[in-house]
>>> print(open('coords17.cif').read())   # mmCIF, C-alpha atoms
data_protein
loop_
_atom_site.label_atom_id
_atom_site.label_comp_id
_atom_site.auth_asym_id
_atom_site.auth_seq_id
_atom_site.Cartn_x
_atom_site.Cartn_y
_atom_site.Cartn_z
CA MET A 42 32.15 -87.47 -6.94
CA ILE A 43 29.56 -86.19 -9.41
CA LYS A 44 27.01 -86.23 -6.60
CA LYS A 45 29.28 -84.10 -4.42
CA HIS A 46 29.73 -81.56 -7.24
CA LEU A 47 25.98 -81.40 -7.76
CA ILE A 48 25.42 -80.75 -4.05
CA THR A 49 28.12 -78.06 -4.03
CA CYS A 50 26.64 -76.39 -7.12
CA SER A 51 23.16 -76.49 -5.63
CA VAL A 52 24.37 -74.83 -2.44
CA MET A 53 26.20 -72.11 -4.38
CA LEU A 54 23.20 -71.52 -6.62
CA GLY A 55 20.97 -71.19 -3.56
CA LEU A 56 23.34 -68.68 -1.99
CA LEU A 57 23.45 -66.65 -5.22
CA LEU A 58 19.65 -66.57 -5.45
CA THR A 59 19.35 -65.51 -1.80
CA ALA A 60 21.96 -62.79 -2.27
CA LYS A 61 20.18 -61.56 -5.39
CA MET A 62 16.88 -61.38 -3.55
CA PHE A 63 18.52 -59.48 -0.68
CA ILE A 64 20.18 -57.03 -3.07
CA TYR A 65 16.89 -56.21 -4.80
CA SER A 66 14.80 -56.10 -1.66
CA THR A 67 17.12 -54.00 0.55
CA PRO A 68 16.93 -50.71 -1.41
CA ALA A 69 13.13 -50.62 -1.15
CA THR A 70 13.27 -51.29 2.59
CA PHE A 71 16.05 -48.78 3.10
CA ASP A 72 14.20 -46.17 1.01
CA ASN A 73 11.16 -46.60 3.22
CA TYR A 74 13.35 -46.20 6.29
CA LEU A 75 14.89 -43.02 4.89
CA LYS A 76 11.45 -41.64 4.05
CA THR A 77 10.29 -42.33 7.62
CA ILE A 78 13.31 -40.56 9.12
CA GLN A 79 13.07 -37.66 6.66
CA GLY A 80 9.35 -37.29 7.39
CA ALA A 81 10.02 -37.08 11.11
CA GLN A 82 12.73 -34.49 10.55
CA ASN A 83 10.45 -32.47 8.29
CA ASP A 84 7.72 -32.52 10.94
CA GLU A 85 10.17 -31.35 13.57
CA PHE A 86 11.60 -28.54 11.48
CA SER A 87 8.20 -27.43 10.23
CA ILE A 88 7.26 -26.69 13.85
CA GLU A 89 10.55 -25.24 15.03
CA PRO A 90 10.73 -22.16 12.76
CA TYR A 91 7.23 -21.12 13.87
CA PHE A 92 8.12 -21.56 17.53
CA ASN A 93 11.19 -19.40 17.00
CA THR A 94 9.00 -16.51 15.80
CA LEU A 95 6.99 -16.35 19.03
CA SER A 96 7.72 -13.18 20.96
CA PHE A 97 6.33 -10.55 23.26
CA ALA A 98 7.04 -6.89 22.47
CA ASN A 99 9.79 -8.03 20.06
CA GLU A 100 11.52 -9.98 22.84
CA THR A 101 11.75 -13.59 21.65
CA LEU A 102 11.66 -16.74 23.75
CA PRO A 103 15.05 -18.25 24.61
CA LEU A 104 15.89 -20.93 22.04
CA GLY A 105 17.07 -24.44 22.79
CA ASP A 106 15.27 -24.79 26.12
CA GLN A 107 12.90 -27.75 25.93
CA ARG A 108 11.18 -26.80 29.20
CA ILE A 109 10.20 -23.39 27.82
CA LYS A 110 9.05 -24.93 24.55
CA LEU A 111 6.84 -27.51 26.28
CA LYS A 112 5.32 -24.87 28.55
CA MET A 113 4.64 -22.52 25.62
CA ASN A 114 3.01 -25.28 23.58
CA ALA A 115 0.86 -26.34 26.54
CA ILE A 116 -0.45 -22.80 27.12
CA LEU A 117 -1.03 -22.28 23.39
CA SER A 118 -3.11 -25.47 23.37
CA ALA A 119 -5.08 -24.23 26.36
CA HIS A 120 -6.09 -21.15 24.32
CA SER A 121 -7.08 -23.04 21.16
CA TYR A 122 -10.66 -23.17 19.95
CA GLU A 123 -10.74 -26.86 20.84
CA ALA A 124 -10.10 -25.91 24.48
CA LEU A 125 -12.19 -22.72 24.73
CA GLN A 126 -15.02 -23.49 22.26
CA THR A 127 -15.77 -19.77 21.80
CA SER A 128 -14.63 -16.74 19.78
CA LYS A 129 -15.61 -14.34 22.56
CA LEU A 130 -12.02 -13.10 23.02
CA HIS A 131 -11.90 -12.17 19.34
CA ARG A 132 -15.17 -10.26 19.64
CA GLN A 133 -13.88 -8.38 22.67
CA ALA A 134 -10.67 -7.55 20.80
CA GLU A 135 -12.69 -6.20 17.87
CA LYS A 136 -14.69 -4.03 20.23
CA TRP A 137 -11.96 -2.53 22.43
CA PHE A 138 -8.64 -2.68 20.55
CA PRO A 139 -9.52 0.41 18.46
CA ILE A 140 -9.57 2.37 21.72
CA ILE A 141 -6.57 0.73 23.41
CA GLU A 142 -4.08 0.61 20.53
CA PRO A 143 -3.85 4.36 19.81
CA ILE A 144 -3.32 5.10 23.52
CA LEU A 145 -0.47 2.60 23.79
CA LYS A 146 1.09 4.03 20.63
CA GLN A 147 0.79 7.58 21.94
CA TYR A 148 2.74 6.62 25.08
CA GLY A 149 5.37 4.59 23.24
CA ILE A 150 4.17 1.23 24.56
CA PRO A 151 4.52 -1.85 22.30
CA ALA A 152 1.21 -2.91 20.79
CA ASP A 153 1.52 -6.39 22.35
CA PHE A 154 0.48 -4.88 25.69
CA LYS A 155 -3.07 -4.62 24.34
CA TYR A 156 -3.33 -8.31 25.22
CA VAL A 157 -2.85 -7.55 28.93
CA PRO A 158 -6.53 -6.68 29.55
CA LEU A 159 -7.58 -9.76 27.58
CA VAL A 160 -5.54 -11.93 29.95
CA GLU A 161 -6.45 -9.92 33.04
CA SER A 162 -10.21 -9.65 32.58
CA GLY A 163 -11.16 -10.89 29.13
CA LEU A 164 -11.78 -7.18 28.44
CA GLN A 165 -14.95 -7.39 30.49
CA GLY A 166 -14.08 -5.38 33.60
CA GLY A 167 -15.32 -6.76 36.88
CA THR A 168 -13.62 -6.94 40.29
CA SER A 169 -11.42 -9.73 41.64
CA PRO A 170 -11.62 -11.09 45.21
CA LYS A 171 -8.38 -9.19 45.96
CA GLY A 172 -9.93 -5.87 44.91
CA ALA A 173 -8.37 -5.49 41.44
CA SER A 174 -10.97 -4.03 39.11
CA GLY A 175 -11.68 -2.90 35.58
CA TYR A 176 -10.41 -3.94 32.18
CA TRP A 177 -6.77 -3.64 33.29
CA GLN A 178 -7.47 -5.02 36.78
CA PHE A 179 -5.94 -2.15 38.74
CA MET A 180 -5.66 -2.30 42.52
CA PRO A 181 -7.23 0.84 44.07
CA GLN A 182 -3.99 2.55 45.16
CA THR A 183 -2.14 1.81 41.91
CA ALA A 184 -5.10 3.24 40.00
CA ARG A 185 -4.97 6.44 42.08
CA ASP A 186 -1.19 6.68 41.67
CA PHE A 187 -1.68 6.87 37.90
CA GLY A 188 -4.51 9.37 37.84
CA LEU A 189 -7.72 7.39 38.20
CA LYS A 190 -10.50 8.30 40.60
CA VAL A 191 -11.56 5.43 42.80
CA THR A 192 -14.34 6.33 45.23
CA THR A 193 -17.61 4.83 46.35
CA GLU A 194 -19.38 7.08 43.84
CA LEU A 195 -17.01 6.79 40.87
CA ASP A 196 -14.55 4.10 39.80
CA GLU A 197 -12.61 5.13 36.69
CA ARG A 198 -11.01 1.68 36.50
CA GLN A 199 -14.21 0.77 34.66
CA ASN A 200 -13.63 3.49 32.06
CA ILE A 201 -11.85 1.86 29.11
CA ARG A 202 -10.21 5.06 27.85
CA LYS A 203 -9.06 6.47 31.19
CA SER A 204 -7.90 3.11 32.53
CA SER A 205 -5.92 2.45 29.31
CA ILE A 206 -4.15 5.80 29.71
CA ALA A 207 -3.32 4.93 33.33
CA ALA A 208 -2.11 1.49 32.25
CA ALA A 209 0.13 3.01 29.57
CA LYS A 210 1.69 5.34 32.16
CA TYR A 211 2.18 2.47 34.60
CA ILE A 212 3.75 0.17 31.99
CA LYS A 213 6.08 2.95 30.89
CA SER A 214 7.24 3.44 34.48
CA LEU A 215 7.84 -0.32 34.81
CA TYR A 216 9.93 -0.36 31.65
CA ARG A 217 12.06 2.50 32.95
CA GLU A 218 12.66 0.47 36.10
CA PHE A 219 13.42 -2.92 34.53
CA ASN A 220 14.60 -1.97 31.02
CA SER A 221 12.74 -4.97 29.60
CA TRP A 222 9.20 -5.19 28.28
CA THR A 223 8.96 -8.82 29.36
CA LEU A 224 9.94 -7.96 32.93
CA ALA A 225 7.60 -4.96 32.80
CA ALA A 226 4.75 -7.34 31.95
CA ALA A 227 5.74 -9.70 34.77
CA ALA A 228 5.92 -6.75 37.19
CA TYR A 229 2.47 -5.64 36.08
CA ASN A 230 1.21 -8.98 37.33
CA ILE A 231 3.24 -9.53 40.49
CA GLY A 232 4.14 -5.95 41.42
CA GLU A 233 7.50 -4.26 40.93
CA GLY A 234 8.59 -4.72 44.55
CA SER A 235 7.98 -8.47 44.53
CA LEU A 236 9.69 -8.92 41.17
CA LYS A 237 12.76 -6.94 42.27
CA ARG A 238 13.06 -9.06 45.41
CA GLN A 239 12.91 -12.26 43.36
CA MET A 240 15.47 -10.95 40.88
CA HIS A 241 17.84 -10.08 43.73
CA LYS A 242 17.21 -13.38 45.54
CA GLN A 243 17.79 -15.48 42.41
CA SER A 244 20.50 -13.27 40.87
CA GLN A 245 18.51 -13.50 37.65
CA ASP A 246 17.05 -10.92 35.27
CA ASN A 247 15.66 -13.29 32.63
CA TYR A 248 11.94 -13.80 33.18
CA TYR A 249 11.93 -17.19 31.47
CA LYS A 250 14.63 -18.55 33.77
CA MET A 251 13.18 -17.24 37.03
CA LYS A 252 11.19 -19.24 39.57
CA LEU A 253 8.05 -17.23 40.26
CA ASN A 254 4.59 -17.95 41.61
CA ARG A 255 2.41 -20.03 39.32
CA GLU A 256 0.35 -17.12 37.97
CA THR A 257 3.30 -14.84 37.19
CA ALA A 258 5.42 -17.71 35.85
CA SER A 259 2.80 -18.32 33.15
CA TYR A 260 1.78 -14.69 32.63
CA VAL A 261 3.96 -13.76 29.63
CA TYR A 262 3.27 -17.17 28.07
CA LYS A 263 -0.44 -16.34 28.30
CA LEU A 264 0.14 -12.95 26.67
CA ILE A 265 1.98 -14.62 23.79
CA SER A 266 -0.79 -17.22 23.48
CA MET A 267 -3.44 -14.52 23.43
CA LYS A 268 -1.49 -12.69 20.73
CA GLU A 269 -1.22 -15.88 18.67
CA ILE A 270 -4.88 -16.86 18.77
CA ILE A 271 -5.97 -13.30 17.91
CA GLU A 272 -3.44 -12.76 15.12
CA ASN A 273 -3.36 -16.33 13.77
CA PRO A 274 -6.82 -17.66 14.68
CA THR A 275 -7.20 -20.32 11.99
CA ARG A 276 -3.92 -21.95 13.07
CA TYR A 277 -5.56 -22.65 16.42
CA GLY A 278 -8.90 -23.84 15.11
CA TYR A 279 -10.89 -20.59 15.04
CA ASN A 280 -13.05 -19.89 11.99
CA ASN A 281 -12.56 -17.30 9.27
CA ARG A 282 -14.89 -14.84 10.99
CA ALA A 283 -12.40 -14.61 13.86
CA SER A 284 -9.74 -13.61 11.32
CA ARG A 285 -11.95 -10.84 9.93
CA LEU A 286 -12.62 -9.43 13.40
CA LEU A 287 -8.98 -8.44 13.89
CA VAL A 288 -8.79 -6.92 10.41
CA ASN A 289 -11.82 -4.76 11.21
CA ALA A 290 -10.37 -3.77 14.57
CA ASN A 291 -7.03 -2.77 13.05
CA ALA A 292 -8.72 -0.70 10.35
CA GLU A 293 -10.82 1.14 12.91
CA SER A 294 -7.80 1.68 15.16
CA LYS A 295 -5.89 3.36 12.33
CA SER A 296 -8.79 5.66 11.65
CA LEU A 297 -8.80 6.75 15.30
CA PHE A 298 -5.14 7.69 15.41
CA ASP A 299 -3.24 10.26 13.37
CA ALA A 300 0.34 9.02 13.11
CA ASN A 301 1.61 12.43 12.03
CA THR A 302 0.29 14.43 14.95
CA GLY A 303 0.06 11.64 17.52
CA ARG A 304 -3.48 12.75 18.26
CA ASN A 305 -6.81 11.05 17.97
CA ASN A 306 -8.89 11.82 14.89
CA THR A 307 -12.05 11.41 16.90
CA SER A 308 -13.00 11.46 20.55
CA TYR A 309 -13.02 8.22 22.51
CA PRO A 310 -16.36 7.06 23.85
CA GLN A 311 -16.70 7.31 27.60
CA ILE A 312 -17.41 3.77 28.77
CA LEU A 313 -18.57 3.58 32.37
CA LYS A 314 -19.75 0.33 33.85
CA ASN A 315 -22.89 0.45 35.98
#
>>> encode(input="coords17.cif", output="structure tokens")
Amino acid sequence: MIKKHLITCSVMLGLLLTAKMFIYSTPATFDNYLKTIQGAQNDEFSIEPYFNTLSFANETLPLGDQRIKLKMNAILSAHSYEALQTSKLHRQAEKWFPIIEPILKQYGIPADFKYVPLVESGLQGGTSPKGASGYWQFMPQTARDFGLKVTTELDERQNIRKSSIAAAKYIKSLYREFNSWTLAAAAYNIGEGSLKRQMHKQSQDNYYKMKLNRETASYVYKLISMKEIIENPTRYGYNNRASRLLVNANAESKSLFDANTGRNNTSYPQILKN
């Protein structure tokens, strides 16, 4: 009988010790689990607010669409310093934005359209196989429609000031037609006729939800990416010098434009490409 009691007591004591160990060990394990979950949530929400600020011409990306988010992040990564390994785009922005920005402002065009020639030509001019030429990559007839001379002797698409004025007029006409800066940008790339046909065919007027050709479907995403790497260079791996380039460009741009009169304080240089 005594032996049975001893066995029973030993079993109970063992259970109590095991329970005590479990009670003291569980909180630490559970705390670690909570910290892991909380860390993951913090990482997620530290990214999300920044993504929600991304916009083009004050038109933000649709929220809650994972497809759009993945595409935006992929194109942002493609424009990072790690991918490009050069600050050439920043140098081009420093050089030409002081000329482009006042012209866009004078015509009532959002400043974000200054990134169009960076996406189109890297602000280097040149002619595409399809015949588009200059900083803004105008096709010959579109250039003529908006006041540029395009002949064998003279091609004003290569003139940064004149082509920027033509681009501002063209973009303004696209906005009047589509009543959306995002659609105006898409139309700049694909042409207003093609975009209107796709809108009618798809019964859709939201650029981000439309099915377009590969180049146009990524066009506004590229503009946003260009804006981000120029305005927030260090976030994407560019050095501090890249940050200073934009500051210098903005300061020079303000000196070129008189906000009160809407006129230039100094004449624009005539840039003609040989």
>>> closest_residue(input="coords17.cif", among="A:Ala228, A:Ile141, A:Met251, A:Val160", to="A:Ile109", atoms="all atoms listed in the file")
A:Met251
>>> residues_around(input="coords17.cif", residues="A:Thr168", least_positions_apart="5", cutoff="10 Å", atoms="all atoms listed in the file", output="PyMOL selection string")
chain A and resi 162+173-176+178-180+198-199
>>> residues_near_point(input="coords17.cif", point="(-3.3, -13.1, 22.7)", cutoff="9 Å", atoms="only C-alpha atoms", output="list in words")
His120, Leu130, Asp153, Lys155, Tyr156, Val157, Leu159, Val160, Lys263, Leu264, Ile265, Ser266, Met267, Lys268, Glu269, Ile270, Ile271 and Glu272 of chain A
>>> closest_residue(input="coords17.cif", among="A:Leu102, A:Ala134, A:Met240, A:Ile140", to="A:Arg202", atoms="all atoms listed in the file")
A:Ile140
>>> atom_distance(input="coords17.cif", atom1="atom CA of A:Ala184", atom2="atom CA of A:Ala207")
7.1 Å
>>> resolve_selection(input="coords17.cif", expression="the PyMOL selection byres ((chain A and resi 231-239) around 9)", output="list in words")
Leu215, Glu218, Phe219, Leu224, Ala225, Ala226, Ala227, Ala228, Tyr229, Asn230, Met240, His241, Lys242, Gln243, Ser244, Gln245, Met251, Lys252, Leu253, Asn254, Glu256 and Thr257 of chain A
>>> closest_residue(input="coords17.cif", among="A:Asp196, A:Thr127, A:Tyr148, A:Tyr249", to="A:Ala208", atoms="all atoms listed in the file")
A:Tyr148
>>> atom_distance(input="coords17.cif", atom1="atom CA of A:Lys146", atom2="atom CA of A:Gly167")
25.5 Å
>>> closest_residue(input="coords17.cif", among="A:Pro90, A:Gly105, A:Pro143, A:Pro151", to="A:Tyr216", atoms="all atoms listed in the file")
A:Pro151
>>> closest_residue(input="coords17.cif", among="A:Phe138, A:Trp222, A:Phe187, A:Tyr122", to="A:Ile150", atoms="only C-alpha atoms")
A:Trp222
>>> closest_residue(input="coords17.cif", among="A:Arg217, A:Glu142, A:Lys250, A:Thr193", to="A:Asp106", atoms="only C-alpha atoms")
A:Lys250
>>> resolve_selection(input="coords17.cif", expression="the PyMOL selection byres ((chain A and resi 113) around 9)", output="compact mmCIF listing (two decimals) with C-alpha atoms, in the frame of the given file")
# COMPACT_ATOMS: atom_id res chain seq x y z
CA PHE A 92 8.12 -21.56 17.53
CA ARG A 108 11.18 -26.80 29.20
CA ILE A 109 10.20 -23.39 27.82
CA LYS A 110 9.05 -24.93 24.55
CA LEU A 111 6.84 -27.51 26.28
CA LYS A 112 5.32 -24.87 28.55
CA ASN A 114 3.01 -25.28 23.58
CA ALA A 115 0.86 -26.34 26.54
CA ILE A 116 -0.45 -22.80 27.12
CA LEU A 117 -1.03 -22.28 23.39
CA SER A 118 -3.11 -25.47 23.37
CA SER A 259 2.80 -18.32 33.15
CA TYR A 262 3.27 -17.17 28.07
CA LYS A 263 -0.44 -16.34 28.30
CA ILE A 265 1.98 -14.62 23.79
CA SER A 266 -0.79 -17.22 23.48
>>> resolve_selection(input="coords17.cif", expression="the PyMOL selection byres ((chain A and resi 98) around 8)", output="ChimeraX atom specification")
/A:96-97,99-100,151-154,222-223
>>> decode(input="coords17.cif", residues="stretch 146-171 of chain A", atoms="C-alpha atoms", output="JSON list (two decimals), in the first residue's frame")
[["chain", "number", "residue", "atom", "x", "y", "z"],
["A", 146, "LYS", "CA", 4.21, 75.57, -66.11],
["A", 147, "GLN", "CA", 3.46, 78.31, -68.61],
["A", 148, "TYR", "CA", 1.06, 76.00, -70.47],
["A", 149, "GLY", "CA", -0.58, 74.62, -67.34],
["A", 150, "ILE", "CA", 0.93, 71.14, -67.68],
["A", 151, "PRO", "CA", 1.76, 69.20, -64.48],
["A", 152, "ALA", "CA", 5.48, 69.16, -63.75],
["A", 153, "ASP", "CA", 5.54, 65.34, -63.80],
["A", 154, "PHE", "CA", 5.43, 65.48, -67.61],
["A", 155, "LYS", "CA", 9.06, 66.60, -67.56],
["A", 156, "TYR", "CA", 9.85, 62.91, -67.11],
["A", 157, "VAL", "CA", 8.37, 62.08, -70.53],
["A", 158, "PRO", "CA", 11.53, 63.00, -72.48],
["A", 159, "LEU", "CA", 13.63, 61.07, -69.95],
["A", 160, "VAL", "CA", 11.57, 57.94, -70.68],
["A", 161, "GLU", "CA", 11.30, 58.65, -74.40],
["A", 162, "SER", "CA", 14.92, 59.44, -75.21],
["A", 163, "GLY", "CA", 16.90, 59.78, -71.99],
["A", 164, "LEU", "CA", 16.89, 63.49, -72.88],
["A", 165, "GLN", "CA", 19.45, 62.79, -75.57],
["A", 166, "GLY", "CA", 17.48, 63.31, -78.78],
["A", 167, "GLY", "CA", 18.16, 60.86, -81.57],
["A", 168, "THR", "CA", 15.78, 59.18, -84.02],
["A", 169, "SER", "CA", 13.94, 55.89, -83.58],
["A", 170, "PRO", "CA", 13.57, 53.24, -86.31],
["A", 171, "LYS", "CA", 9.92, 54.36, -86.69]]
